[in-house]
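A quick write-up on the structure given underneath.
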Amino acid sequence: MLDAPREIQVAIAVSAAAAAVERRRMQQEQARNEGVLRLEPADVFPTTVLDALKRRRLSFTPADVELLLDLGTSTMQPDDVFGRSFETLKFGVSAAASAIRDTPASAPVLGALERAGSALDRLQLVHTSDAGAVRRRIGQLIAANVPGGLLDLSILDGPDAWAQRAADVLRRHVERWDRVADLLGLLAAATTTRPTKSWRRRAAALAGDYDGYGRLLRDLIEPILDIELTPSSVPWPPSWLLAPGNEPLARGAAWALADVDGDWVVPLLGRLALRCAAASPHPQVTTALAYPVASGAVEALAAMDTDASRAELRILLVEIRRRDLVRRIAGTLGEPAEETETRDARLRRDKRREVQQKASPERKDRQRAASAHVRRDLAPRLREAGFDDSAGRTFWRHLDDRIETIHCKAHAGGLTLEIGIWLRFIPRTHDVPEHDGRPRPGEFHCDIRGNVHAWHEDLESSAEKAELWFARWRPLVAMLGWLLEGTASDDAFCWGAPGSPMRAVVTGYVAREIADLPLASAQLERAATYFRSQLERQRTERPEAVTPEYEAWVSRLEADAL
């Protein structure tokens with residue numbers, strides 16, 4: 001398939017998207033009729049095809065994009081444990097971005113994006129969900145590609161005190177400058193730690209196109225300095241300065257100020273960094289008010305590289321208490337490493353002391369309540385499902401080729417079921433804990449891990465979601481496909497990214513278990529070569545750290561590769 005002409009791959013992608021939707025429709029009907037969802041290896045094949053094609057630059061027509069987006073929204077479910085009902089939509093959004101990059105956005109593409117965004121809005125998803133990220137990406141594409149002179153403000157994330165004031169600013173300036181939509185799309189693309197070179201070029205071009213460019217950015221940023229925190233629409237944190245969808249916009253505005261001349265620019269960026277790096281007034285929240293925006297302000301000051309901006313960074317070096325930002329500022333200023341490490345150690349001690357002082361008895365009460373809920377509501381269901389070994393809020397199910405584990409972690413937002421699979425056929429550098437001769441791997445020992453978020457009053461449903469997660473990985477063929485292509489997410493993650501030595505160990509032994517010997521040999525040989533070089537270097541630099549267990553493990557990799 002991957003060797004076929006690109007136009008054939010486009011047809012394959014659309015067909016795979018339709019097949020994935022049809023599979024999900026059949027599964028949903030089965031779940032309604034029988035009360036259970038059974039997953040077969042064939043169910044994941046269409047999405048495996050989409051995963052293989054999503055990194056390719058395919059030339060989708062507007063009709064292709066419209067069909068992909070409409071297919072993607074047809075079977076979405078807000079409580080999908082795997083996020084699989086959003087996979088087709090995510091592929092369609094990527095196809096829309098590719099089509100828009102090659103040619104101006106057509107009315108069918110923008111219309112399909114708007115329909116997809118409305119469908120996601122009707123699900124009333126929380127801002128931190130995977131689908132929430134897709135919704136924000138749709139908003140970015142629409143905002144950056146509306147026809148000239150028009151302005152789409154749906155990208156502004158409503159539930160904070162800044163969104164309405166920002167909308168008023170943008171409406172005011174669009175009357176005088178017809179490229180406000182271009183600027184809005186550029187600001188919304190500020191989703192990385194640092195701007196790319198192409199982002200910088202586009203920002204510089206816009207800065208030279210409008211005399212009121214600096215005034216527009218100033219009008220956007222200054223309200224952030226005095227707005228009050230608003231209640232959040234998610235369980236945690238309880239309030240925020242900027243809703244998650246608005247943080248990229250504000251960070252982009254900070255980046256863009258690096259292209260503006262004016263005595264007010266540097267002080268404004270310094271005040272923005274201080275406000276957004278400040279700690280939340282809520283006693284149990286340890287994150288900054290708006291860390292991405294504080295980071296963007298520091299990045300803009302570093303990019304300006306003037307005497308004034310460096311002087312402002314030296315002030316921030318003293319006033320900011322966020323260790324990561326402080327280290328970044330110190331590196332920009334060329335501070336000696338010894339001074340940076342001394343300051344970092346002091347900030348770490350202060351942080352630990354502050355956390356201890358803020359410690360609340362609520363946490364102990366929450367842990368006791370969680371234990372009671374698990375014993376009463378979850379443990380009986382898990383024992384019926386075969387999890388016959390347990391300790392506290394951790395449960396194990398022993399199968400022939402694996403051990404499945406569930407740990408119930410309590411936090412302010414409810415419970416999280418930390419779930420994992422430990423494969424018996426993979427050799428280890430260290431033994432896992434045992435009880436009565438039965439291994440008890442912790443969640444952090446597991447080869448594939450994931451999370452299921454739960455509420456106390458619905459633990460039985462959470463157990464069903466965990467059971468579906470385990471069923472997904474029961475066929476080793478499905479596991480192997482994900483190991484080769486899958487990336488980390490809340491749904492599933494593994495030690496190392498695809499292509500890394502640790503991922504190659506797991507991939508190699510899974511391939512060997514299903515008799516794919518060429519793949520197993522290639523993966524294990526890559527891993528063995530890397531870990532042998534690490535071992536020899538350690539033998540030279542720190543011989544006391546080389547253990548017989550590690551040496552035996554590397555030798556086992558080499559032997560199994562052969």
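Labeling convention for the structure tokens: chains A, B, ... as they appear, residues from 1 per chain, ligands from 1 in order of appearance.
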### Task
Determine, counting only C-alpha atoms, which protein, DNA and RNA residues have an atom within 9 Å of an atom of Thr48 of chain A; residues of the same chain fewer than 5 positions away are not included. Present the result as a ChimeraX atom specification.
/A:16,53,478,481-482,485
Output the selection as a short mmCIF file (atom, residue, chain, number, x, y, z; two decimals), in the first residue's frame - all heavy atoms for each residue.
```cif
data_model
loop_
_atom_site.label_atom_id
_atom_site.label_comp_id
_atom_site.auth_asym_id
_atom_site.auth_seq_id
_atom_site.Cartn_x
_atom_site.Cartn_y
_atom_site.Cartn_z
N ALA A 16 -10.52 3.63 4.11
CA ALA A 16 -10.21 3.18 5.48
C ALA A 16 -11.01 3.99 6.50
O ALA A 16 -11.48 3.46 7.51
CB ALA A 16 -8.72 3.31 5.74
N LEU A 53 -0.83 6.23 7.07
CA LEU A 53 -0.90 7.25 6.02
C LEU A 53 -0.87 8.68 6.54
O LEU A 53 -0.69 9.62 5.77
CB LEU A 53 -2.19 7.06 5.20
CG LEU A 53 -2.27 5.79 4.35
CD1 LEU A 53 -3.66 5.67 3.74
CD2 LEU A 53 -1.21 5.80 3.25
N ALA A 478 -2.26 -6.73 17.33
CA ALA A 478 -2.67 -5.34 17.55
C ALA A 478 -1.63 -4.60 18.38
O ALA A 478 -1.31 -3.44 18.13
CB ALA A 478 -4.04 -5.30 18.23
N GLY A 481 1.37 -3.72 16.15
CA GLY A 481 1.13 -2.59 15.27
C GLY A 481 1.25 -1.26 15.99
O GLY A 481 1.83 -0.30 15.47
N TRP A 482 0.72 -1.19 17.21
CA TRP A 482 0.83 0.05 17.97
C TRP A 482 2.26 0.34 18.38
O TRP A 482 2.72 1.49 18.34
CB TRP A 482 -0.07 -0.01 19.19
CG TRP A 482 0.01 1.25 20.01
CD1 TRP A 482 -0.68 2.41 19.80
CD2 TRP A 482 0.84 1.48 21.15
NE1 TRP A 482 -0.33 3.35 20.74
CE2 TRP A 482 0.60 2.81 21.58
CE3 TRP A 482 1.76 0.71 21.84
CZ2 TRP A 482 1.24 3.37 22.66
CZ3 TRP A 482 2.42 1.27 22.94
CH2 TRP A 482 2.15 2.59 23.34
N GLU A 485 4.07 1.99 15.53
CA GLU A 485 3.61 3.29 15.03
C GLU A 485 3.10 4.22 16.11
O GLU A 485 3.07 5.42 15.93
CB GLU A 485 2.49 3.09 14.00
CG GLU A 485 2.92 2.36 12.74
CD GLU A 485 3.86 3.20 11.89
OE1 GLU A 485 3.90 4.42 12.07
OE2 GLU A 485 4.55 2.61 11.04
#
```
### Task
With a distance cut-off of 10 Å and only C-alpha atoms, select the neighbouring residues of Val432 of chain A, excluding the residue or stretch itself and same-chain residues fewer than 6 positions from it, and output the selection as JSON, numbers by chain.
{"A": [438, 439, 440, 441, 442, 445]}
Take the selection from the previous step and output its residues with C-alpha atoms, as a PDB file, in the first residue's frame.
```pdb
ATOM      1  CA  ARG A 438       3.212 -14.709  42.235  1.00  0.00           C
ATOM      2  CA  PRO A 439       4.735 -11.625  40.534  1.00  0.00           C
ATOM      3  CA  ARG A 440       3.148  -8.298  41.430  1.00  0.00           C
ATOM      4  CA  PRO A 441       4.462  -5.760  38.925  1.00  0.00           C
ATOM      5  CA  GLY A 442       3.604  -2.167  39.701  1.00  0.00           C
ATOM      6  CA  HIS A 445       6.898  -1.822  35.673  1.00  0.00           C
TER       7      HIS A 445
END
```
### Message
Need the shell around Ala17 of chain A: protein/DNA/RNA residues with any atom at most 8 Å away, counting only C-alpha atoms. Skip same-chain ones fewer than 6 positions apart. Format as a PyMOL selection string?
### Response
chain A and resi 46-47+50+68+71-72+88
### Task
Write out as a ChimeraX atom specification each polymer residue whose atoms come within 10 Å of Leu151 of chain A, counting only C-alpha atoms; drop sequence neighbours fewer than 4 positions from it.
/A:142-147,167,170-171,174,178-182,184
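Pairwise distance (atom CA of Gly117 of chain A, atom CA of Ala163 of chain A) equals 18.2 Å.
Residue nearest Gln9 of chain A, chosen from A:Ala52, A:Ile421, A:Ala277, A:Val44 and counting only C-alpha atoms: A:Ala52.
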### Message
Give me, as a PyMOL selection string, the residues of segment 4-252 of chain A that a backbone DSSP run labels alpha helix (DSSP H).
### Response
chain A and resi 6-34+45-53+62-73+87-102+107-123+130-145+163-174+180-188+197-207+213-221+247-252
What are the closest atom pairs, with distances in Å to one decimal, for each residue of segment 272-301 of chain A lying within 9 Å of segment 203-227 of chain A, using only C-alpha atoms, rows by chain and rising residue number, as CSV?
```
residue,atom,partner,partner_atom,distance
A:Leu272,CA,A:Leu225,CA,6.5
A:Arg275,CA,A:Leu225,CA,6.4
A:Cys276,CA,A:Leu225,CA,8.4
```
### Message
Would you pick out the contacts of Ala95 of chain A at 9 Å or less, using only C-alpha atoms, so that residues sharing its chain but fewer than 6 positions from it are not included, and give the list as an NGL selection string?
### Response
:A and (54 or 57-60 or 64-65 or 68-69)
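All residues of segment 143-352 of chain A that DSSP, run on the backbone, classes as strand (DSSP E) are A:Thr230, A:Pro231, A:Ser239, A:Trp240.
Considering the residues A:Val93, A:Leu186, A:Leu415, A:Met479 and counting only C-alpha atoms, Val452 of chain A has its shortest atom-to-atom contact with A:Leu415.
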### Query
Do you know which residues are at most 9 Å from His398 of chain A counting only C-alpha atoms, after dropping those on the same chain fewer than 4 positions away, and could you put them as a PyMOL selection string?
chain A and resi 386-389+402-405+438-439
Taking all heavy atoms for each residue, export the selection above as a PDB file, in the first residue's frame.
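Ended up saving to part.pdb:
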```pdb
ATOM      1  N   GLY A 386     -11.539 -11.833  37.276  1.00  0.00           N
ATOM      2  CA  GLY A 386     -10.295 -12.592  37.313  1.00  0.00           C
ATOM      3  C   GLY A 386      -9.144 -11.912  38.018  1.00  0.00           C
ATOM      4  O   GLY A 386      -8.040 -12.485  38.093  1.00  0.00           O
ATOM      5  N   PHE A 387      -9.348 -10.711  38.542  1.00  0.00           N
ATOM      6  CA  PHE A 387      -8.292 -10.042  39.303  1.00  0.00           C
ATOM      7  C   PHE A 387      -8.316 -10.594  40.737  1.00  0.00           C
ATOM      8  O   PHE A 387      -8.841  -9.972  41.659  1.00  0.00           O
ATOM      9  CB  PHE A 387      -8.511  -8.529  39.292  1.00  0.00           C
ATOM     10  CG  PHE A 387      -8.197  -7.874  37.982  1.00  0.00           C
ATOM     11  CD1 PHE A 387      -9.161  -7.798  36.984  1.00  0.00           C
ATOM     12  CD2 PHE A 387      -6.942  -7.347  37.732  1.00  0.00           C
ATOM     13  CE1 PHE A 387      -8.878  -7.201  35.761  1.00  0.00           C
ATOM     14  CE2 PHE A 387      -6.652  -6.742  36.514  1.00  0.00           C
ATOM     15  CZ  PHE A 387      -7.614  -6.679  35.529  1.00  0.00           C
ATOM     16  N   ASP A 388      -7.749 -11.777  40.892  1.00  0.00           N
ATOM     17  CA  ASP A 388      -7.858 -12.491  42.172  1.00  0.00           C
ATOM     18  C   ASP A 388      -6.708 -12.195  43.122  1.00  0.00           C
ATOM     19  O   ASP A 388      -6.611 -12.813  44.185  1.00  0.00           O
ATOM     20  CB  ASP A 388      -7.941 -13.996  41.915  1.00  0.00           C
ATOM     21  CG  ASP A 388      -6.730 -14.516  41.147  1.00  0.00           C
ATOM     22  OD1 ASP A 388      -5.911 -13.703  40.695  1.00  0.00           O
ATOM     23  OD2 ASP A 388      -6.627 -15.745  40.995  1.00  0.00           O
ATOM     24  N   ASP A 389      -5.808 -11.296  42.759  1.00  0.00           N
ATOM     25  CA  ASP A 389      -4.691 -10.931  43.620  1.00  0.00           C
ATOM     26  C   ASP A 389      -4.755  -9.429  43.843  1.00  0.00           C
ATOM     27  O   ASP A 389      -4.892  -8.654  42.883  1.00  0.00           O
ATOM     28  CB  ASP A 389      -3.366 -11.321  42.945  1.00  0.00           C
ATOM     29  CG  ASP A 389      -2.184 -11.209  43.901  1.00  0.00           C
ATOM     30  OD1 ASP A 389      -2.417 -11.035  45.113  1.00  0.00           O
ATOM     31  OD2 ASP A 389      -1.030 -11.294  43.430  1.00  0.00           O
ATOM     32  N   ARG A 402       0.916 -12.774  30.219  1.00  0.00           N
ATOM     33  CA  ARG A 402       0.990 -11.423  30.764  1.00  0.00           C
ATOM     34  C   ARG A 402       0.355 -11.352  32.146  1.00  0.00           C
ATOM     35  O   ARG A 402      -0.355 -12.275  32.571  1.00  0.00           O
ATOM     36  CB  ARG A 402       0.253 -10.449  29.834  1.00  0.00           C
ATOM     37  CG  ARG A 402      -1.255 -10.665  29.799  1.00  0.00           C
ATOM     38  CD  ARG A 402      -1.923  -9.895  28.685  1.00  0.00           C
ATOM     39  NE  ARG A 402      -1.530 -10.401  27.367  1.00  0.00           N
ATOM     40  CZ  ARG A 402      -1.786  -9.784  26.221  1.00  0.00           C
ATOM     41  NH1 ARG A 402      -2.420  -8.637  26.237  1.00  0.00           N
ATOM     42  NH2 ARG A 402      -1.423 -10.315  25.073  1.00  0.00           N
ATOM     43  N   ILE A 403       0.627 -10.259  32.822  1.00  0.00           N
ATOM     44  CA  ILE A 403      -0.056  -9.919  34.069  1.00  0.00           C
ATOM     45  C   ILE A 403      -0.658  -8.536  33.861  1.00  0.00           C
ATOM     46  O   ILE A 403       0.032  -7.589  33.465  1.00  0.00           O
ATOM     47  CB  ILE A 403       0.901  -9.918  35.268  1.00  0.00           C
ATOM     48  CG1 ILE A 403       1.479 -11.312  35.492  1.00  0.00           C
ATOM     49  CG2 ILE A 403       0.190  -9.429  36.519  1.00  0.00           C
ATOM     50  CD1 ILE A 403       2.527 -11.374  36.581  1.00  0.00           C
ATOM     51  N   GLU A 404      -1.962  -8.420  34.087  1.00  0.00           N
ATOM     52  CA  GLU A 404      -2.661  -7.144  33.945  1.00  0.00           C
ATOM     53  C   GLU A 404      -2.870  -6.539  35.326  1.00  0.00           C
ATOM     54  O   GLU A 404      -3.269  -7.245  36.271  1.00  0.00           O
ATOM     55  CB  GLU A 404      -3.994  -7.357  33.235  1.00  0.00           C
ATOM     56  CG  GLU A 404      -3.808  -7.894  31.822  1.00  0.00           C
ATOM     57  CD  GLU A 404      -5.085  -8.350  31.148  1.00  0.00           C
ATOM     58  OE1 GLU A 404      -6.097  -8.550  31.871  1.00  0.00           O
ATOM     59  OE2 GLU A 404      -5.076  -8.519  29.919  1.00  0.00           O
ATOM     60  N   THR A 405      -2.600  -5.261  35.442  1.00  0.00           N
ATOM     61  CA  THR A 405      -2.666  -4.612  36.747  1.00  0.00           C
ATOM     62  C   THR A 405      -3.526  -3.359  36.693  1.00  0.00           C
ATOM     63  O   THR A 405      -3.572  -2.663  35.679  1.00  0.00           O
ATOM     64  CB  THR A 405      -1.246  -4.254  37.248  1.00  0.00           C
ATOM     65  OG1 THR A 405      -1.334  -3.602  38.520  1.00  0.00           O
ATOM     66  CG2 THR A 405      -0.540  -3.338  36.273  1.00  0.00           C
ATOM     67  N   ARG A 438       3.876 -15.301  43.395  1.00  0.00           N
ATOM     68  CA  ARG A 438       3.212 -14.709  42.235  1.00  0.00           C
ATOM     69  C   ARG A 438       3.749 -13.290  42.019  1.00  0.00           C
ATOM     70  O   ARG A 438       3.747 -12.472  42.953  1.00  0.00           O
ATOM     71  CB  ARG A 438       1.695 -14.652  42.437  1.00  0.00           C
ATOM     72  CG  ARG A 438       1.078 -15.986  42.798  1.00  0.00           C
ATOM     73  CD  ARG A 438      -0.416 -15.844  43.025  1.00  0.00           C
ATOM     74  NE  ARG A 438      -1.155 -15.807  41.770  1.00  0.00           N
ATOM     75  CZ  ARG A 438      -2.465 -15.577  41.692  1.00  0.00           C
ATOM     76  NH1 ARG A 438      -3.158 -15.311  42.797  1.00  0.00           N
ATOM     77  NH2 ARG A 438      -3.079 -15.586  40.523  1.00  0.00           N
ATOM     78  N   PRO A 439       4.222 -12.980  40.793  1.00  0.00           N
ATOM     79  CA  PRO A 439       4.735 -11.625  40.534  1.00  0.00           C
ATOM     80  C   PRO A 439       3.641 -10.580  40.720  1.00  0.00           C
ATOM     81  O   PRO A 439       2.478 -10.798  40.379  1.00  0.00           O
ATOM     82  CB  PRO A 439       5.196 -11.689  39.076  1.00  0.00           C
ATOM     83  CG  PRO A 439       5.347 -13.144  38.779  1.00  0.00           C
ATOM     84  CD  PRO A 439       4.338 -13.856  39.625  1.00  0.00           C
TER      85      PRO A 439
END
```
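Residues in contact with Pro195 of chain A at up to 9 Å, not including ones fewer than 3 positions away on its chain and judged by only C-alpha atoms, are Ala190, Thr191, Thr192, Ser198, Trp199, Arg200, Gly252, Trp255 and Glu299 of chain A.
Taking atom CA of Asp121 of chain A as the reference point, atom CA of Pro231 of chain A is found at 19.4 Å.
Of the listed residues A:Ala463, A:Val109, A:Ala116, A:Ala166, the one whose atoms come nearest to Thr75 of chain A is A:Ala116, with distances taken using only C-alpha atoms.
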### Query
Of the residues A:Asn246, A:Thr196, A:Ser98, A:Ser74, which is the one nearest to Gly139 of chain A, using only C-alpha atoms?
A:Asn246
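Atom CA of Tyr530 of chain A is positioned 20.2 Å from atom CA of Glu544 of chain A.
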